[in-house]
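In what follows, a single structure is set out as structure tokens and then discussed.
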Amino acid sequence: MIGIAAIAGQLLAPDFPQQGLDLIDSFFIYALLAQFTHLGPVHLGLNLAGLALLTWGFSEQRSHGEWLWIQATSLVWVAFYVAAIEPLNWYCGLSGALHFQFAACLLLALFRSPGNLQKTWPLWILAVGLLLKLLLEWNSGHHTDALVGGPIAYEAHRGGAFGGLFSGIVILLMKRGPTS
């Protein structure tokens with residue numbers, strides 16, 4: 001559903017990232033809608049590829065209801081985060097939501113995978129990789145990525161990963177149920 005909305009946003013409003021949208025002066029609403037727009041076909045393609053990998057790669061570790069919750073919450077959380085917690089002046093794309101979804105699904109997979117470290121080591125490598133990526137980005141200045149043709153919103157990546165971690169914990173606690 002998010003992928004279809006992103007493709008529609010690219011086709012129906014290709015200039016949205018450059019022109020923005022003035023809706024009651026709400027950056028939250030702007031950021032919410034801007035997640036379905038991209039800087040061009042390469043940016044859209046990278047985000048859709050990431051979304052496809054997340055959808056497929058973690059499909060055994062979450063229910064359909066959890067996936068719907070993670071996707072919907074990721075969009076709202078990232079819009080809130082870049083509007084209120086680490087405010088940005090401009091944003092477009094799904095990268096923050098993808099970081100949210102990745103962190104939430106990775107946490108679920110780590111806690112739901114049967115077996116010992118020998119069986120779950122690839123998940124731990126992914127977790128360390130995400131942490132290292134976020135740490136490297138923390139010290140990076142804003143710059144334009146030549147591949148996507150626009151600025152990279154590291155704040156959205158951080159906020160997305162943080163929100164996904166929190167969402168994953170909430171899902172795990174809710175599924176655990178009351179203890180006796």
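Following the order of the structure tokens, first chain is A, next is B, and so on, with residues numbered from 1 inside each chain and ligands from 1 in the order they appear.
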
If we count only C-alpha atoms and set the cut-off at 12 Å, which residues sit around Ser63 (chain A), ignoring sequence neighbours fewer than 3 positions away in its own chain? Please answer as number ranges by chain. A: 55, 58-60, 66-70, 105, 108-109, 112, 171-172, 175

Excluding same-chain residues fewer than 5 positions from Thr73 (chain A), what lies within 10 Å of it counting only C-alpha atoms, as an mmCIF file with all heavy atoms, in the first residue's frame?
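Just written: part_0.cif:
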data_model
loop_
_atom_site.group_PDB
_atom_site.id
_atom_site.type_symbol
_atom_site.label_atom_id
_atom_site.label_comp_id
_atom_site.auth_asym_id
_atom_site.auth_seq_id
_atom_site.Cartn_x
_atom_site.Cartn_y
_atom_site.Cartn_z
ATOM 1 N N TRP A 67 2.403 -5.899 10.925
ATOM 2 C CA TRP A 67 3.020 -5.206 9.787
ATOM 3 C C TRP A 67 2.217 -3.960 9.423
ATOM 4 O O TRP A 67 2.783 -2.897 9.173
ATOM 5 C CB TRP A 67 3.145 -6.153 8.603
ATOM 6 C CG TRP A 67 3.829 -5.588 7.398
ATOM 7 C CD1 TRP A 67 3.360 -5.639 6.123
ATOM 8 C CD2 TRP A 67 5.094 -4.923 7.315
ATOM 9 N NE1 TRP A 67 4.250 -5.033 5.258
ATOM 10 C CE2 TRP A 67 5.322 -4.593 5.971
ATOM 11 C CE3 TRP A 67 6.055 -4.561 8.257
ATOM 12 C CZ2 TRP A 67 6.470 -3.915 5.535
ATOM 13 C CZ3 TRP A 67 7.204 -3.895 7.819
ATOM 14 C CH2 TRP A 67 7.397 -3.583 6.480
ATOM 15 N N LEU A 68 0.909 -4.083 9.440
ATOM 16 C CA LEU A 68 0.065 -2.915 9.169
ATOM 17 C C LEU A 68 0.303 -1.832 10.229
ATOM 18 O O LEU A 68 0.442 -0.654 9.907
ATOM 19 C CB LEU A 68 -1.405 -3.328 9.128
ATOM 20 C CG LEU A 68 -2.411 -2.225 8.821
ATOM 21 C CD1 LEU A 68 -2.153 -1.623 7.437
ATOM 22 C CD2 LEU A 68 -3.828 -2.768 8.904
ATOM 23 N N VAL A 78 7.425 9.400 11.955
ATOM 24 C CA VAL A 78 8.488 10.153 11.284
ATOM 25 C C VAL A 78 8.033 11.580 11.000
ATOM 26 O O VAL A 78 8.801 12.532 11.189
ATOM 27 C CB VAL A 78 8.972 9.431 10.002
ATOM 28 C CG1 VAL A 78 9.868 10.317 9.161
ATOM 29 C CG2 VAL A 78 9.700 8.145 10.382
ATOM 30 N N ALA A 79 6.804 11.755 10.569
ATOM 31 C CA ALA A 79 6.292 13.112 10.337
ATOM 32 C C ALA A 79 6.325 13.917 11.635
ATOM 33 O O ALA A 79 6.739 15.086 11.646
ATOM 34 C CB ALA A 79 4.876 13.063 9.774
ATOM 35 N N ALA A 97 10.731 6.299 7.479
ATOM 36 C CA ALA A 97 9.768 5.225 7.741
ATOM 37 C C ALA A 97 10.421 3.856 7.539
ATOM 38 O O ALA A 97 10.140 2.908 8.284
ATOM 39 C CB ALA A 97 8.540 5.373 6.843
ATOM 40 N N PHE A 100 12.403 3.034 10.569
ATOM 41 C CA PHE A 100 11.452 2.631 11.615
ATOM 42 C C PHE A 100 11.064 1.172 11.414
ATOM 43 O O PHE A 100 11.140 0.361 12.344
ATOM 44 C CB PHE A 100 10.218 3.535 11.524
ATOM 45 C CG PHE A 100 9.158 3.270 12.566
ATOM 46 C CD1 PHE A 100 8.953 4.192 13.582
ATOM 47 C CD2 PHE A 100 8.343 2.147 12.524
ATOM 48 C CE1 PHE A 100 7.953 3.991 14.539
ATOM 49 C CE2 PHE A 100 7.357 1.931 13.473
ATOM 50 C CZ PHE A 100 7.167 2.856 14.481
ATOM 51 N N GLN A 101 10.627 0.833 10.211
ATOM 52 C CA GLN A 101 10.155 -0.513 9.916
ATOM 53 C C GLN A 101 11.271 -1.539 10.104
ATOM 54 O O GLN A 101 11.042 -2.632 10.647
ATOM 55 C CB GLN A 101 9.583 -0.569 8.504
ATOM 56 C CG GLN A 101 8.332 0.278 8.358
ATOM 57 C CD GLN A 101 7.915 0.494 6.918
ATOM 58 O OE1 GLN A 101 8.342 -0.227 6.021
ATOM 59 N NE2 GLN A 101 7.085 1.500 6.688
ATOM 60 N N GLY A 163 11.958 5.293 16.846
ATOM 61 C CA GLY A 163 10.532 4.972 16.916
ATOM 62 C C GLY A 163 10.264 3.500 16.649
ATOM 63 O O GLY A 163 9.410 2.885 17.294
ATOM 64 N N GLY A 164 10.989 2.908 15.706
ATOM 65 C CA GLY A 164 10.825 1.492 15.403
ATOM 66 C C GLY A 164 11.240 0.607 16.563
ATOM 67 O O GLY A 164 10.584 -0.401 16.857
ATOM 68 N N SER A 167 8.454 0.900 19.067
ATOM 69 C CA SER A 167 7.270 0.180 18.578
ATOM 70 C C SER A 167 7.463 -1.332 18.705
ATOM 71 O O SER A 167 6.541 -2.051 19.099
ATOM 72 C CB SER A 167 6.985 0.561 17.125
ATOM 73 O OG SER A 167 5.840 -0.101 16.653
#

Report as JSON lines the residues of region 68-110 of chain A within 10 Å of region 36-54 of chain A, each with its shortest atom pair and distance in Å (one decimal), using only C-alpha atoms, ordered by chain and increasing residue number.
{"residue": "A:Leu75", "atom": "CA", "partner": "A:Phe36", "partner_atom": "CA", "distance": 9.6}
{"residue": "A:Tyr91", "atom": "CA", "partner": "A:Thr37", "partner_atom": "CA", "distance": 9.4}
{"residue": "A:Cys92", "atom": "CA", "partner": "A:Thr37", "partner_atom": "CA", "distance": 5.8}
{"residue": "A:Gly93", "atom": "CA", "partner": "A:His38", "partner_atom": "CA", "distance": 5.0}
{"residue": "A:Leu94", "atom": "CA", "partner": "A:Asn47", "partner_atom": "CA", "distance": 6.1}
{"residue": "A:Ser95", "atom": "CA", "partner": "A:Asn47", "partner_atom": "CA", "distance": 6.6}
{"residue": "A:Ala97", "atom": "CA", "partner": "A:Leu51", "partner_atom": "CA", "distance": 9.4}
{"residue": "A:Leu98", "atom": "CA", "partner": "A:Leu51", "partner_atom": "CA", "distance": 6.6}
{"residue": "A:His99", "atom": "CA", "partner": "A:Gly50", "partner_atom": "CA", "distance": 9.5}
{"residue": "A:Gln101", "atom": "CA", "partner": "A:Leu54", "partner_atom": "CA", "distance": 7.4}
{"residue": "A:Phe102", "atom": "CA", "partner": "A:Leu54", "partner_atom": "CA", "distance": 6.6}
{"residue": "A:Cys105", "atom": "CA", "partner": "A:Leu54", "partner_atom": "CA", "distance": 8.0}
{"residue": "A:Leu106", "atom": "CA", "partner": "A:Leu54", "partner_atom": "CA", "distance": 9.5}

Okay, now the selection with N, CA, C and O atoms, as a CSV table (one decimal), in the first residue's frame?
chain,number,residue,atom,x,y,z
A,75,LEU,N,4.9,6.0,9.4
A,75,LEU,CA,4.6,7.3,8.7
A,75,LEU,C,4.3,8.4,9.6
A,75,LEU,O,4.8,9.5,9.5
A,91,TYR,N,11.6,17.9,3.8
A,91,TYR,CA,11.7,16.5,3.8
A,91,TYR,C,10.9,15.9,2.7
A,91,TYR,O,9.9,16.4,2.4
A,92,CYS,N,11.4,14.8,2.2
A,92,CYS,CA,10.6,13.9,1.2
A,92,CYS,C,11.2,12.5,1.2
A,92,CYS,O,12.4,12.3,1.5
A,93,GLY,N,10.4,11.6,0.9
A,93,GLY,CA,10.9,10.2,0.8
A,93,GLY,C,10.5,9.3,2.0
A,93,GLY,O,9.9,9.8,3.0
A,94,LEU,N,10.7,8.0,1.8
A,94,LEU,CA,10.3,7.0,2.8
A,94,LEU,C,11.5,6.6,3.7
A,94,LEU,O,11.3,5.7,4.5
A,95,SER,N,12.7,7.2,3.6
A,95,SER,CA,13.8,6.6,4.3
A,95,SER,C,13.6,6.6,5.8
A,95,SER,O,14.0,5.6,6.5
A,97,ALA,N,10.7,6.3,7.5
A,97,ALA,CA,9.8,5.2,7.7
A,97,ALA,C,10.4,3.9,7.5
A,97,ALA,O,10.1,2.9,8.3
A,98,LEU,N,11.3,3.7,6.6
A,98,LEU,CA,12.0,2.5,6.3
A,98,LEU,C,12.9,2.1,7.5
A,98,LEU,O,13.0,1.0,7.9
A,99,HIS,N,13.6,3.1,8.1
A,99,HIS,CA,14.4,2.9,9.2
A,99,HIS,C,13.6,2.4,10.4
A,99,HIS,O,14.0,1.5,11.2
A,101,GLN,N,10.6,0.8,10.2
A,101,GLN,CA,10.2,-0.5,9.9
A,101,GLN,C,11.3,-1.5,10.1
A,101,GLN,O,11.0,-2.6,10.6
A,102,PHE,N,12.5,-1.2,9.7
A,102,PHE,CA,13.6,-2.1,9.8
A,102,PHE,C,13.9,-2.4,11.3
A,102,PHE,O,14.1,-3.5,11.7
A,105,CYS,N,11.0,-4.5,12.9
A,105,CYS,CA,11.0,-5.9,12.5
A,105,CYS,C,12.3,-6.6,12.9
A,105,CYS,O,12.2,-7.8,13.3
A,106,LEU,N,13.4,-5.9,12.9
A,106,LEU,CA,14.6,-6.6,13.4
A,106,LEU,C,14.5,-7.0,14.9
A,106,LEU,O,14.9,-8.1,15.3

Calculate how many Å separate CA of Ile29 (chain A) from CA of Gly159 (chain A), rounding to one decimal.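 So the answer is 16.9 Å.
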
Interatomic distance between CA of Ala83 (chain A) and CA of Phe28 (chain A)?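 According to the coordinates, CA of Ala83 (chain A) and CA of Phe28 (chain A) are separated by 5.3 Å.
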
List every residue of region 9-130 of chain A that DSSP, applied to the backbone of this structure, assigns to alpha helix (DSSP H), and report them as an mmCIF file with C-alpha atoms, in the first residue's frame.
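Final output, saved to out.cif:
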data_model
loop_
_atom_site.group_PDB
_atom_site.id
_atom_site.type_symbol
_atom_site.label_atom_id
_atom_site.label_comp_id
_atom_site.auth_asym_id
_atom_site.auth_seq_id
_atom_site.Cartn_x
_atom_site.Cartn_y
_atom_site.Cartn_z
ATOM 1 C CA GLY A 9 2.893 10.529 -5.478
ATOM 2 C CA GLN A 10 5.783 10.446 -7.924
ATOM 3 C CA LEU A 11 3.509 10.296 -10.957
ATOM 4 C CA LEU A 12 0.842 12.757 -9.794
ATOM 5 C CA PHE A 16 6.151 18.332 -4.820
ATOM 6 C CA PRO A 17 9.620 17.867 -3.236
ATOM 7 C CA GLN A 18 10.883 21.052 -4.867
ATOM 8 C CA GLN A 19 7.772 23.193 -4.374
ATOM 9 C CA PHE A 27 5.002 20.961 8.753
ATOM 10 C CA PHE A 28 3.609 17.747 10.273
ATOM 11 C CA ILE A 29 1.026 17.440 7.471
ATOM 12 C CA TYR A 30 3.646 18.415 4.897
ATOM 13 C CA ALA A 31 6.075 15.773 6.211
ATOM 14 C CA LEU A 32 3.329 13.156 6.342
ATOM 15 C CA LEU A 33 2.466 13.735 2.667
ATOM 16 C CA ALA A 34 6.062 14.257 1.581
ATOM 17 C CA PRO A 41 12.946 7.768 -10.192
ATOM 18 C CA VAL A 42 16.250 6.728 -8.581
ATOM 19 C CA HIS A 43 15.170 7.942 -5.142
ATOM 20 C CA LEU A 44 11.780 6.266 -5.579
ATOM 21 C CA GLY A 45 13.421 3.048 -6.778
ATOM 22 C CA LEU A 46 15.795 2.883 -3.811
ATOM 23 C CA ASN A 47 12.958 3.428 -1.344
ATOM 24 C CA LEU A 48 10.713 0.860 -3.053
ATOM 25 C CA ALA A 49 13.556 -1.671 -3.094
ATOM 26 C CA GLY A 50 14.071 -1.131 0.629
ATOM 27 C CA LEU A 51 10.352 -1.493 1.263
ATOM 28 C CA ALA A 52 10.227 -4.717 -0.773
ATOM 29 C CA LEU A 53 13.188 -6.176 1.140
ATOM 30 C CA LEU A 54 11.559 -5.325 4.461
ATOM 31 C CA THR A 55 8.213 -6.729 3.392
ATOM 32 C CA TRP A 56 9.756 -10.001 2.240
ATOM 33 C CA GLY A 57 12.745 -10.359 4.577
ATOM 34 C CA HIS A 64 -0.118 -9.107 9.057
ATOM 35 C CA GLY A 65 -1.696 -6.962 11.761
ATOM 36 C CA GLU A 66 1.698 -6.134 13.245
ATOM 37 C CA TRP A 67 3.020 -5.206 9.787
ATOM 38 C CA LEU A 68 0.065 -2.915 9.169
ATOM 39 C CA TRP A 69 0.615 -1.301 12.587
ATOM 40 C CA ILE A 70 4.355 -0.883 11.948
ATOM 41 C CA GLN A 71 3.788 0.678 8.522
ATOM 42 C CA ALA A 72 1.080 3.102 9.627
ATOM 43 C CA THR A 73 2.890 4.089 12.810
ATOM 44 C CA SER A 74 6.160 4.612 10.935
ATOM 45 C CA LEU A 75 4.629 7.252 8.669
ATOM 46 C CA VAL A 76 2.956 9.181 11.476
ATOM 47 C CA TRP A 77 5.946 8.914 13.821
ATOM 48 C CA VAL A 78 8.488 10.153 11.284
ATOM 49 C CA ALA A 79 6.292 13.112 10.337
ATOM 50 C CA PHE A 80 5.944 13.980 14.025
ATOM 51 C CA SER A 95 13.814 6.636 4.334
ATOM 52 C CA GLY A 96 12.754 7.579 7.868
ATOM 53 C CA ALA A 97 9.768 5.225 7.741
ATOM 54 C CA LEU A 98 11.985 2.469 6.329
ATOM 55 C CA HIS A 99 14.427 2.879 9.225
ATOM 56 C CA PHE A 100 11.452 2.631 11.615
ATOM 57 C CA GLN A 101 10.155 -0.513 9.916
ATOM 58 C CA PHE A 102 13.607 -2.102 9.803
ATOM 59 C CA ALA A 103 14.297 -1.451 13.502
ATOM 60 C CA ALA A 104 10.870 -2.721 14.603
ATOM 61 C CA CYS A 105 11.013 -5.871 12.463
ATOM 62 C CA LEU A 106 14.623 -6.573 13.410
ATOM 63 C CA LEU A 107 13.760 -6.382 17.096
ATOM 64 C CA LEU A 108 10.799 -8.730 16.593
ATOM 65 C CA ALA A 109 12.995 -11.152 14.633
ATOM 66 C CA LEU A 110 15.709 -11.121 17.307
ATOM 67 C CA PHE A 111 13.260 -11.992 20.061
ATOM 68 C CA ARG A 112 11.162 -14.441 18.056
ATOM 69 C CA LEU A 117 23.554 -17.295 18.665
ATOM 70 C CA GLN A 118 24.684 -19.686 15.917
ATOM 71 C CA LYS A 119 21.250 -19.402 14.293
ATOM 72 C CA THR A 120 20.606 -15.706 14.944
ATOM 73 C CA TRP A 121 24.028 -14.234 14.135
ATOM 74 C CA PRO A 122 22.850 -12.678 10.835
ATOM 75 C CA LEU A 123 20.242 -10.683 12.765
ATOM 76 C CA TRP A 124 22.882 -9.467 15.211
ATOM 77 C CA ILE A 125 25.087 -8.406 12.283
ATOM 78 C CA LEU A 126 22.147 -6.395 10.916
ATOM 79 C CA ALA A 127 21.591 -4.801 14.337
ATOM 80 C CA VAL A 128 25.256 -3.814 14.655
ATOM 81 C CA GLY A 129 25.216 -2.551 11.065
ATOM 82 C CA LEU A 130 22.199 -0.333 11.748
#

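Counting only C-alpha atoms, the residue from A:Arg176, A:Gln61, A:Trp90, A:Leu134 that sits nearest to Gly160 (chain A) is A:Leu134.
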
Which one of A:Ala84, A:Phe162, A:Gln35, A:Glu155 sits closest to Asn139 (chain A) if you count only C-alpha atoms?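 Smallest separation from Asn139 (chain A) among the options: A:Glu155.
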
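Separating CA of Glu86 (chain A) from CA of Met174 (chain A) is a distance of 28.5 Å.
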
Find the residues around Trp138 (chain A) up to 12 Å (only C-alpha atoms counted), leave out those fewer than 5 positions away in its own chain, and share them as number ranges by chain. A: 131-133, 152-159

Could those selected residues go to a file with N, CA, C and O atoms, as an mmCIF file, in the first residue's frame?
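And here is the file that came out, result.cif:
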data_model
loop_
_atom_site.group_PDB
_atom_site.id
_atom_site.type_symbol
_atom_site.label_atom_id
_atom_site.label_comp_id
_atom_site.auth_asym_id
_atom_site.auth_seq_id
_atom_site.Cartn_x
_atom_site.Cartn_y
_atom_site.Cartn_z
ATOM 1 N N LEU A 131 23.229 0.161 13.880
ATOM 2 C CA LEU A 131 23.791 1.034 14.904
ATOM 3 C C LEU A 131 25.005 1.803 14.368
ATOM 4 O O LEU A 131 25.111 3.021 14.562
ATOM 5 N N LEU A 132 25.900 1.108 13.677
ATOM 6 C CA LEU A 132 27.070 1.776 13.104
ATOM 7 C C LEU A 132 26.675 2.817 12.060
ATOM 8 O O LEU A 132 27.230 3.919 12.026
ATOM 9 N N LYS A 133 25.717 2.494 11.220
ATOM 10 C CA LYS A 133 25.238 3.436 10.203
ATOM 11 C C LYS A 133 24.710 4.703 10.865
ATOM 12 O O LYS A 133 25.037 5.816 10.462
ATOM 13 N N ILE A 152 20.164 14.378 2.246
ATOM 14 C CA ILE A 152 19.827 13.200 3.024
ATOM 15 C C ILE A 152 19.385 13.671 4.404
ATOM 16 O O ILE A 152 20.094 14.431 5.061
ATOM 17 N N ALA A 153 18.233 13.228 4.842
ATOM 18 C CA ALA A 153 17.675 13.639 6.131
ATOM 19 C C ALA A 153 18.060 12.630 7.201
ATOM 20 O O ALA A 153 17.284 11.738 7.555
ATOM 21 N N TYR A 154 19.272 12.772 7.731
ATOM 22 C CA TYR A 154 19.737 11.852 8.759
ATOM 23 C C TYR A 154 18.854 11.893 9.995
ATOM 24 O O TYR A 154 18.717 10.894 10.698
ATOM 25 N N GLU A 155 18.256 13.051 10.259
ATOM 26 C CA GLU A 155 17.366 13.171 11.407
ATOM 27 C C GLU A 155 16.194 12.193 11.294
ATOM 28 O O GLU A 155 15.782 11.588 12.281
ATOM 29 N N ALA A 156 15.667 12.047 10.100
ATOM 30 C CA ALA A 156 14.559 11.109 9.873
ATOM 31 C C ALA A 156 15.020 9.670 10.066
ATOM 32 O O ALA A 156 14.257 8.832 10.574
ATOM 33 N N HIS A 157 16.252 9.361 9.693
ATOM 34 C CA HIS A 157 16.790 8.017 9.896
ATOM 35 C C HIS A 157 16.869 7.716 11.388
ATOM 36 O O HIS A 157 16.433 6.650 11.842
ATOM 37 N N ARG A 158 17.441 8.658 12.148
ATOM 38 C CA ARG A 158 17.562 8.474 13.602
ATOM 39 C C ARG A 158 16.187 8.342 14.250
ATOM 40 O O ARG A 158 15.943 7.448 15.049
ATOM 41 N N GLY A 159 15.319 9.273 13.920
ATOM 42 C CA GLY A 159 13.982 9.253 14.494
ATOM 43 C C GLY A 159 13.218 7.998 14.126
ATOM 44 O O GLY A 159 12.512 7.422 14.957
#
